[in-house]
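Q: Sharing target-v2.pdb below, PDB, C-alpha atoms and all ligand atoms:
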ATOM      1  CA  MET Y1468       0.234  -6.831 -24.340  1.00  0.00           C
ATOM      2  CA  LEU Y1469      -1.262  -3.554 -25.599  1.00  0.00           C
ATOM      3  CA  ASP Y1470      -4.711  -4.571 -24.331  1.00  0.00           C
ATOM      4  CA  LYS Y1471      -3.233  -5.416 -20.933  1.00  0.00           C
ATOM      5  CA  LEU Y1472      -1.420  -2.094 -20.822  1.00  0.00           C
ATOM      6  CA  ILE Y1473      -4.612  -0.154 -21.587  1.00  0.00           C
ATOM      7  CA  ILE Y1474      -6.493  -2.036 -18.839  1.00  0.00           C
ATOM      8  CA  GLU Y1475      -3.724  -1.238 -16.362  1.00  0.00           C
ATOM      9  CA  LEU Y1476      -3.622   2.426 -17.396  1.00  0.00           C
ATOM     10  CA  ASP Y1477      -7.351   2.620 -16.827  1.00  0.00           C
ATOM     11  CA  LYS Y1478      -6.902   1.069 -13.374  1.00  0.00           C
ATOM     12  CA  GLY Y1479      -4.191   3.613 -12.644  1.00  0.00           C
ATOM     13  CA  LEU Y1480      -6.413   6.549 -13.475  1.00  0.00           C
ATOM     14  CA  ARG Y1481      -9.155   5.115 -11.297  1.00  0.00           C
ATOM     15  CA  THR Y1482      -6.730   4.599  -8.420  1.00  0.00           C
ATOM     16  CA  LEU Y1483      -5.766   8.246  -8.578  1.00  0.00           C
ATOM     17  CA  CYS Y1484      -9.132   9.814  -9.344  1.00  0.00           C
ATOM     18  CA  ALA Y1485     -12.057   7.647  -8.220  1.00  0.00           C
ATOM     19  CA  PRO Y1486     -13.015   6.488  -4.716  1.00  0.00           C
ATOM     20  CA  ALA Y1487     -12.050   2.857  -3.948  1.00  0.00           C
ATOM     21  CA  ASN Y1488     -14.533   0.239  -2.709  1.00  0.00           C
ATOM     22  CA  SER Y1489     -14.075  -2.415  -0.057  1.00  0.00           C
ATOM     23  CA  GLY Y1490     -15.599  -5.902  -0.209  1.00  0.00           C
ATOM     24  CA  ARG Y1491     -14.805  -6.550   3.461  1.00  0.00           C
ATOM     25  CA  ALA Y1492     -16.331  -4.356   6.137  1.00  0.00           C
ATOM     26  CA  HIS Y1493     -14.062  -1.423   7.060  1.00  0.00           C
ATOM     27  CA  PRO Y1494     -12.100  -2.514  10.188  1.00  0.00           C
ATOM     28  CA  ASP Y1495     -13.245   0.629  12.031  1.00  0.00           C
ATOM     29  CA  GLN Y1496     -16.891   0.074  11.194  1.00  0.00           C
ATOM     30  CA  ASP Y1497     -17.965  -0.729  14.770  1.00  0.00           C
ATOM     31  CA  VAL Y1498     -15.388   1.450  16.499  1.00  0.00           C
ATOM     32  CA  ALA Y1499     -16.650   4.682  18.042  1.00  0.00           C
ATOM     33  CA  GLU Y1500     -15.163   8.023  16.978  1.00  0.00           C
ATOM     34  CA  SER Y1501     -13.101   9.548  19.778  1.00  0.00           C
ATOM     35  CA  ASP Y1502     -12.576  13.113  20.882  1.00  0.00           C
ATOM     36  CA  LEU Y1503      -9.160  14.058  19.537  1.00  0.00           C
ATOM     37  CA  SER Y1504      -7.366  17.347  20.160  1.00  0.00           C
ATOM     38  CA  SER Y1505      -6.593  19.342  17.016  1.00  0.00           C
ATOM     39  CA  ALA Y1506      -2.894  18.403  17.304  1.00  0.00           C
ATOM     40  CA  GLU Y1507      -3.765  14.712  17.600  1.00  0.00           C
ATOM     41  CA  LYS Y1508      -6.113  14.953  14.653  1.00  0.00           C
ATOM     42  CA  LYS Y1509      -3.457  16.650  12.547  1.00  0.00           C
ATOM     43  CA  HIS Y1510      -0.871  13.998  13.394  1.00  0.00           C
ATOM     44  CA  ALA Y1511      -3.299  11.119  12.743  1.00  0.00           C
ATOM     45  CA  LEU Y1512      -4.233  12.740   9.444  1.00  0.00           C
ATOM     46  CA  GLY Y1513      -0.589  13.007   8.376  1.00  0.00           C
ATOM     47  CA  LEU Y1514       0.035   9.355   9.244  1.00  0.00           C
ATOM     48  CA  MET Y1515      -3.096   8.140   7.472  1.00  0.00           C
ATOM     49  CA  ARG Y1516      -2.143  10.209   4.408  1.00  0.00           C
ATOM     50  CA  VAL Y1517       1.218   8.438   4.372  1.00  0.00           C
ATOM     51  CA  ASN Y1518      -0.574   5.076   4.577  1.00  0.00           C
ATOM     52  CA  HIS Y1519      -2.951   6.039   1.793  1.00  0.00           C
ATOM     53  CA  CYS Y1520      -0.024   7.061  -0.409  1.00  0.00           C
ATOM     54  CA  GLY Y1521       1.587   3.701   0.411  1.00  0.00           C
ATOM     55  CA  GLU Y1522      -1.538   1.942  -0.765  1.00  0.00           C
ATOM     56  CA  VAL Y1523      -1.550   3.951  -4.000  1.00  0.00           C
ATOM     57  CA  CYS Y1524       2.022   2.722  -4.521  1.00  0.00           C
ATOM     58  CA  ALA Y1525       0.889  -0.842  -3.745  1.00  0.00           C
ATOM     59  CA  GLN Y1526      -1.663  -0.568  -6.558  1.00  0.00           C
ATOM     60  CA  ALA Y1527       1.083   0.406  -8.965  1.00  0.00           C
ATOM     61  CA  LEU Y1528       3.472  -2.321  -7.807  1.00  0.00           C
ATOM     62  CA  TYR Y1529       0.858  -5.028  -8.149  1.00  0.00           C
ATOM     63  CA  GLN Y1530      -0.176  -3.686 -11.543  1.00  0.00           C
ATOM     64  CA  GLY Y1531       3.403  -3.740 -12.738  1.00  0.00           C
ATOM     65  CA  GLN Y1532       3.594  -7.321 -11.576  1.00  0.00           C
ATOM     66  CA  ALA Y1533       0.306  -8.331 -13.179  1.00  0.00           C
ATOM     67  CA  LEU Y1534       1.705  -7.074 -16.474  1.00  0.00           C
ATOM     68  CA  THR Y1535       4.871  -9.116 -16.198  1.00  0.00           C
ATOM     69  CA  ALA Y1536       4.200 -12.240 -14.067  1.00  0.00           C
ATOM     70  CA  ARG Y1537       4.712 -15.400 -16.116  1.00  0.00           C
ATOM     71  CA  ASP Y1538       3.479 -18.128 -13.781  1.00  0.00           C
ATOM     72  CA  ALA Y1539      -0.328 -18.551 -13.696  1.00  0.00           C
ATOM     73  CA  SER Y1540      -0.553 -19.510 -10.006  1.00  0.00           C
ATOM     74  CA  ALA Y1541       1.595 -16.511  -9.101  1.00  0.00           C
ATOM     75  CA  ARG Y1542      -0.659 -14.297 -11.196  1.00  0.00           C
ATOM     76  CA  ASP Y1543      -3.800 -15.516  -9.366  1.00  0.00           C
ATOM     77  CA  ALA Y1544      -2.283 -15.038  -5.913  1.00  0.00           C
ATOM     78  CA  LEU Y1545      -1.100 -11.576  -6.916  1.00  0.00           C
ATOM     79  CA  LYS Y1546      -4.598 -10.704  -8.076  1.00  0.00           C
ATOM     80  CA  GLN Y1547      -6.121 -11.690  -4.722  1.00  0.00           C
ATOM     81  CA  ALA Y1548      -3.549  -9.642  -2.811  1.00  0.00           C
ATOM     82  CA  ALA Y1549      -4.147  -6.712  -5.173  1.00  0.00           C
ATOM     83  CA  LEU Y1550      -7.859  -6.810  -4.316  1.00  0.00           C
ATOM     84  CA  GLU Y1551      -6.999  -6.499  -0.646  1.00  0.00           C
ATOM     85  CA  GLU Y1552      -4.782  -3.537  -1.469  1.00  0.00           C
ATOM     86  CA  VAL Y1553      -7.792  -1.833  -3.056  1.00  0.00           C
ATOM     87  CA  GLU Y1554      -9.624  -2.358   0.231  1.00  0.00           C
ATOM     88  CA  HIS Y1555      -6.751  -0.755   2.114  1.00  0.00           C
ATOM     89  CA  LEU Y1556      -7.037   2.165  -0.240  1.00  0.00           C
ATOM     90  CA  ALA Y1557     -10.759   2.503   0.531  1.00  0.00           C
ATOM     91  CA  TRP Y1558     -10.236   2.283   4.308  1.00  0.00           C
ATOM     92  CA  THR Y1559      -7.455   4.880   4.480  1.00  0.00           C
ATOM     93  CA  GLU Y1560      -9.233   7.185   2.043  1.00  0.00           C
ATOM     94  CA  ARG Y1561     -12.392   7.270   4.149  1.00  0.00           C
ATOM     95  CA  ARG Y1562     -10.434   7.783   7.363  1.00  0.00           C
ATOM     96  CA  ILE Y1563      -8.557  10.735   5.854  1.00  0.00           C
ATOM     97  CA  ARG Y1564     -11.881  12.407   5.014  1.00  0.00           C
ATOM     98  CA  GLU Y1565     -13.225  11.695   8.512  1.00  0.00           C
ATOM     99  CA  LEU Y1566     -10.161  13.405   9.972  1.00  0.00           C
ATOM    100  CA  GLY Y1567     -10.952  16.416   7.822  1.00  0.00           C
ATOM    101  CA  GLY Y1568      -8.174  16.103   5.236  1.00  0.00           C
ATOM    102  CA  ARG Y1569      -7.443  15.083   1.664  1.00  0.00           C
ATOM    103  CA  PRO Y1570      -5.107  12.514   0.101  1.00  0.00           C
ATOM    104  CA  SER Y1571      -1.540  13.493  -0.723  1.00  0.00           C
ATOM    105  CA  LEU Y1572      -0.990  15.757  -3.728  1.00  0.00           C
ATOM    106  CA  LEU Y1573       2.110  13.711  -4.513  1.00  0.00           C
ATOM    107  CA  ASN Y1574       0.184  10.489  -5.182  1.00  0.00           C
ATOM    108  CA  PRO Y1575       0.527  10.654  -9.006  1.00  0.00           C
ATOM    109  CA  LEU Y1576       4.283  11.061  -8.664  1.00  0.00           C
ATOM    110  CA  TRP Y1577       4.753   8.085  -6.331  1.00  0.00           C
ATOM    111  CA  TYR Y1578       2.281   6.046  -8.328  1.00  0.00           C
ATOM    112  CA  THR Y1579       4.302   6.477 -11.513  1.00  0.00           C
ATOM    113  CA  GLY Y1580       7.580   5.647  -9.785  1.00  0.00           C
ATOM    114  CA  SER Y1581       6.103   2.523  -8.215  1.00  0.00           C
ATOM    115  CA  LEU Y1582       4.660   1.322 -11.509  1.00  0.00           C
ATOM    116  CA  ALA Y1583       8.083   1.657 -13.106  1.00  0.00           C
ATOM    117  CA  MET Y1584       9.645  -0.311 -10.228  1.00  0.00           C
ATOM    118  CA  GLY Y1585       6.978  -3.015 -10.467  1.00  0.00           C
ATOM    119  CA  VAL Y1586       7.567  -3.448 -14.192  1.00  0.00           C
ATOM    120  CA  ALA Y1587      11.353  -3.407 -13.742  1.00  0.00           C
ATOM    121  CA  ALA Y1588      11.136  -6.114 -11.051  1.00  0.00           C
ATOM    122  CA  GLY Y1589       8.803  -8.127 -13.266  1.00  0.00           C
ATOM    123  CA  VAL Y1590      11.179  -8.039 -16.209  1.00  0.00           C
ATOM    124  CA  LEU Y1591      13.809  -9.817 -14.101  1.00  0.00           C
ATOM    125  CA  GLY Y1592      11.525 -12.865 -13.784  1.00  0.00           C
ATOM    126  CA  ASP Y1593       9.036 -14.260 -11.270  1.00  0.00           C
ATOM    127  CA  LYS Y1594      11.555 -15.140  -8.566  1.00  0.00           C
ATOM    128  CA  TRP Y1595      12.844 -11.552  -8.337  1.00  0.00           C
ATOM    129  CA  ASN Y1596       9.434 -10.062  -8.942  1.00  0.00           C
ATOM    130  CA  LEU Y1597       8.128 -11.972  -5.929  1.00  0.00           C
ATOM    131  CA  GLY Y1598      11.276 -11.171  -3.957  1.00  0.00           C
ATOM    132  CA  PHE Y1599      10.668  -7.481  -4.485  1.00  0.00           C
ATOM    133  CA  LEU Y1600       7.042  -7.893  -3.437  1.00  0.00           C
ATOM    134  CA  GLN Y1601       7.994  -9.903  -0.360  1.00  0.00           C
ATOM    135  CA  GLU Y1602      10.490  -7.297   0.782  1.00  0.00           C
ATOM    136  CA  THR Y1603       8.035  -4.445   0.112  1.00  0.00           C
ATOM    137  CA  GLU Y1604       5.314  -6.112   2.150  1.00  0.00           C
ATOM    138  CA  ARG Y1605       7.715  -6.865   4.994  1.00  0.00           C
ATOM    139  CA  GLN Y1606       8.859  -3.254   5.097  1.00  0.00           C
ATOM    140  CA  VAL Y1607       5.284  -1.966   4.928  1.00  0.00           C
ATOM    141  CA  GLY Y1608       4.267  -4.332   7.744  1.00  0.00           C
ATOM    142  CA  ALA Y1609       7.104  -3.028   9.934  1.00  0.00           C
ATOM    143  CA  HIS Y1610       6.236   0.552   9.016  1.00  0.00           C
ATOM    144  CA  LEU Y1611       2.585   0.017  10.007  1.00  0.00           C
ATOM    145  CA  ASP Y1612       3.761  -1.421  13.317  1.00  0.00           C
ATOM    146  CA  GLY Y1613       5.598   1.862  13.811  1.00  0.00           C
ATOM    147  CA  HIS Y1614       2.404   3.779  13.082  1.00  0.00           C
ATOM    148  CA  LEU Y1615       0.552   1.742  15.685  1.00  0.00           C
ATOM    149  CA  ARG Y1616       3.062   3.106  18.193  1.00  0.00           C
ATOM    150  CA  GLU Y1617       2.816   6.646  16.802  1.00  0.00           C
ATOM    151  CA  LEU Y1618      -0.918   7.103  16.326  1.00  0.00           C
ATOM    152  CA  PRO Y1619      -2.691   8.910  19.173  1.00  0.00           C
ATOM    153  CA  ASP Y1620      -3.819   6.369  21.780  1.00  0.00           C
ATOM    154  CA  GLY Y1621      -7.364   7.640  21.535  1.00  0.00           C
ATOM    155  CA  ASP Y1622      -7.670   7.260  17.755  1.00  0.00           C
ATOM    156  CA  ALA Y1623      -9.181   3.784  17.882  1.00  0.00           C
ATOM    157  CA  ARG Y1624     -10.656   4.027  14.384  1.00  0.00           C
ATOM    158  CA  SER Y1625      -7.334   4.687  12.632  1.00  0.00           C
ATOM    159  CA  ARG Y1626      -5.710   2.032  14.815  1.00  0.00           C
ATOM    160  CA  ALA Y1627      -8.252  -0.610  13.809  1.00  0.00           C
ATOM    161  CA  ILE Y1628      -7.550   0.105  10.127  1.00  0.00           C
ATOM    162  CA  VAL Y1629      -3.765   0.097  10.479  1.00  0.00           C
ATOM    163  CA  ALA Y1630      -3.769  -3.117  12.541  1.00  0.00           C
ATOM    164  CA  GLN Y1631      -5.775  -5.005   9.902  1.00  0.00           C
ATOM    165  CA  MET Y1632      -3.589  -3.644   7.120  1.00  0.00           C
ATOM    166  CA  ARG Y1633      -0.463  -4.745   8.978  1.00  0.00           C
ATOM    167  CA  ASP Y1634      -1.842  -8.293   9.282  1.00  0.00           C
ATOM    168  CA  ASP Y1635      -2.762  -8.348   5.578  1.00  0.00           C
ATOM    169  CA  GLU Y1636       0.658  -7.069   4.452  1.00  0.00           C
ATOM    170  CA  LEU Y1637       2.489  -9.707   6.483  1.00  0.00           C
ATOM    171  CA  GLN Y1638       0.287 -12.327   4.886  1.00  0.00           C
ATOM    172  CA  HIS Y1639       1.126 -10.928   1.447  1.00  0.00           C
ATOM    173  CA  ALA Y1640       4.821 -11.282   2.290  1.00  0.00           C
ATOM    174  CA  GLU Y1641       4.188 -14.891   3.335  1.00  0.00           C
ATOM    175  CA  MET Y1642       2.314 -15.532   0.083  1.00  0.00           C
ATOM    176  CA  ALA Y1643       5.235 -14.209  -1.960  1.00  0.00           C
ATOM    177  CA  HIS Y1644       7.584 -16.422   0.050  1.00  0.00           C
ATOM    178  CA  GLU Y1645       5.482 -19.520  -0.608  1.00  0.00           C
ATOM    179  CA  LEU Y1646       5.380 -18.731  -4.316  1.00  0.00           C
ATOM    180  CA  GLY Y1647       9.174 -18.874  -4.410  1.00  0.00           C
ATOM    181  CA  ALA Y1648      10.364 -15.308  -3.757  1.00  0.00           C
ATOM    182  CA  ALA Y1649      14.123 -14.763  -3.889  1.00  0.00           C
ATOM    183  CA  GLU Y1650      15.791 -12.934  -0.997  1.00  0.00           C
ATOM    184  CA  LEU Y1651      16.910  -9.516  -2.250  1.00  0.00           C
ATOM    185  CA  PRO Y1652      20.507  -8.356  -1.737  1.00  0.00           C
ATOM    186  CA  GLY Y1653      21.019  -6.132   1.337  1.00  0.00           C
ATOM    187  CA  PRO Y1654      21.918  -2.920  -0.541  1.00  0.00           C
ATOM    188  CA  LEU Y1655      18.712  -3.159  -2.570  1.00  0.00           C
ATOM    189  CA  LYS Y1656      16.671  -3.579   0.612  1.00  0.00           C
ATOM    190  CA  ALA Y1657      18.410  -0.501   2.024  1.00  0.00           C
ATOM    191  CA  ALA Y1658      17.638   1.488  -1.148  1.00  0.00           C
ATOM    192  CA  MET Y1659      13.983   0.494  -0.872  1.00  0.00           C
ATOM    193  CA  LYS Y1660      13.905   1.688   2.734  1.00  0.00           C
ATOM    194  CA  LEU Y1661      15.409   4.991   1.664  1.00  0.00           C
ATOM    195  CA  SER Y1662      12.841   5.610  -1.068  1.00  0.00           C
ATOM    196  CA  ALA Y1663      10.044   4.671   1.358  1.00  0.00           C
ATOM    197  CA  LYS Y1664      11.447   7.239   3.772  1.00  0.00           C
ATOM    198  CA  LEU Y1665      11.276   9.932   1.079  1.00  0.00           C
ATOM    199  CA  MET Y1666       7.699   8.970   0.324  1.00  0.00           C
ATOM    200  CA  THR Y1667       6.545   8.946   3.933  1.00  0.00           C
ATOM    201  CA  GLY Y1668       8.369  12.181   4.799  1.00  0.00           C
ATOM    202  CA  SER Y1669       6.810  14.091   1.932  1.00  0.00           C
ATOM    203  CA  SER Y1670       3.260  12.710   1.931  1.00  0.00           C
ATOM    204  CA  TYR Y1671       2.870  13.366   5.676  1.00  0.00           C
ATOM    205  CA  HIS Y1672       2.962  17.100   4.931  1.00  0.00           C
ATOM    206  CA  LEU Y1673       1.716  17.327   1.357  1.00  0.00           C
TER     207      LEU Y1673
HETATM  208 FE    FE X   1      -1.825  -2.512   1.653  1.00  0.00          FE
HETATM  209 FE    FE X   2       0.114  -5.801   0.816  1.00  0.00          FE
END
Represent the structure from my file as structure tokens, please.
A:
Amino acid sequence: MLDKLIIELDKGLRTLCAPANSGRAHPDQDVAESDLSSAEKKHALGLMRVNHCGEVCAQALYQGQALTARDASARDALKQAALEEVEHLAWTERRIRELGGRPSLLNPLWYTGSLAMGVAAGVLGDKWNLGFLQETERQVGAHLDGHLRELPDGDARSRAIVAQMRDDELQHAEMAHELGAAELPGPLKAAMKLSAKLMTGSSYHL
């Protein structure tokens, strides 16, 4: 357990400090950069910073789950999804730089909170662990759909990234469902939405 914890702590530091790498090609690789007004650029940057912060949180959630998942097949599926989350991190990170910004200063704070939530969900057992994951991915998928409506029409590069992430997140939710995720109680889902709102509201600006 101590070994596992040290490995996860190391991963956490890398998530926060080192650039992420993507095995798949970045979804915006072949999409031309468009001429955005400074207001459009600023808005796209804020939205992509929110998405990057969300991906930092995803790292922590999946790590918390890797530490606690009991079932081997669940552990393997979680690992694969976690790899895709690292790719999301790489895509959003690069897009933020292209838009002339930097990741959110609040990332360490949200990372720590998410890790604690991931571990707490894991302690309750695989069914609830997966239920928490399923609900998170569903909410993130819906949130990314919202960003596809909000992003400037001309920002085709950010759109390509967000669209692929949305598809991946919905597949992660499906994976959790197939592995036997429990349906979370309504008030818990509402609390999760509220904390996501706090995260998105703050990381857009900071
Ligand atoms: Fe993701
Ligand atoms: Fe995901």
Q: Quick one: residues within 9 Å of Asn1574 of chain Y, all atoms listed in the file counted, chain neighbours fewer than 5 positions away excluded, as a PyMOL selection string?
A: chain Y and resi 1483+1519-1521+1523-1524+1579+1670
Q: Name all residues at most 12 Å from Ser1581 of chain Y (count all atoms listed in the file; drop same-chain ones fewer than 2 positions away) and give them as a PyMOL selection string.
A: chain Y and resi 1479+1520-1532+1574-1579+1583-1588+1599-1600+1603+1659+1662-1663+1666
Q: May I ask you to write as a list in words all residues lying at most 8 Å from ligand FE 2 (chain X), with all atoms listed in the file counted?
A: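 Protein and nucleic-acid residues within 8 Å of ligand FE 2 (chain X): Ala1525, Ala1548, Ala1549, Glu1551, Glu1552, Glu1604, Val1607, Met1632, Asp1635, Glu1636, Leu1637, Gln1638, His1639 and Ala1640 of chain Y.
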Q: Which residues fall under the PyMOL selection byres (((chain Y and resi 1651) around 9) and not hetatm) in this file, as number ranges by chain?
A: Y: 1595, 1598-1599, 1602, 1648-1650, 1652-1656
Q: Between atom CA of Asp1502 of chain Y and atom CA of His1610 of chain Y, what is the distance, to one decimal in Å?
A: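 It comes out at 25.5 Å.
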Q: So which one's closest to ligand FE 1 (chain X), Y:Ala1557, Y:Ala1627, Y:Ile1563, Y:Ala1657? Using only C-alpha atoms and all ligand atoms, please.
A: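 Closest residue, counting only C-alpha atoms and all ligand atoms: Y:Ala1557.
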Q: Can you translate the PyMOL selection byres (((chain Y and resi 1669) around 10) and not hetatm) into the concrete residues it hits in this file, as a ChimeraX atom specification?
A: /Y:1513,1517,1571-1573,1663-1668,1670-1673
Q: Once you have the residues from the selection above, write them out as a compact mmCIF listing (two decimals), in the frame of the given file, restricted to C-alpha atoms.
A:
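Wrote selection09.txt, looks like this:
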# COMPACT_ATOMS: atom_id res chain seq x y z
CA GLY Y 1513 -0.59 13.01 8.38
CA VAL Y 1517 1.22 8.44 4.37
CA SER Y 1571 -1.54 13.49 -0.72
CA LEU Y 1572 -0.99 15.76 -3.73
CA LEU Y 1573 2.11 13.71 -4.51
CA ALA Y 1663 10.04 4.67 1.36
CA LYS Y 1664 11.45 7.24 3.77
CA LEU Y 1665 11.28 9.93 1.08
CA MET Y 1666 7.70 8.97 0.32
CA THR Y 1667 6.54 8.95 3.93
CA GLY Y 1668 8.37 12.18 4.80
CA SER Y 1670 3.26 12.71 1.93
CA TYR Y 1671 2.87 13.37 5.68
CA HIS Y 1672 2.96 17.10 4.93
CA LEU Y 1673 1.72 17.33 1.36
Q: Can you measure atom CA of Gln1601 of chain Y to atom CA of Met1642 of chain Y for me? One decimal in Å is fine.
A: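 Interatomic distance here is 8.0 Å.
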Q: I'd like the contact shell of Ile1628 of chain Y - 8 Å cut-off, all atoms listed in the file, skipping same-chain residues fewer than 5 positions apart - returned as a list in words.
A: His1493, Pro1494, Asp1495, Trp1558 and Thr1559 of chain Y
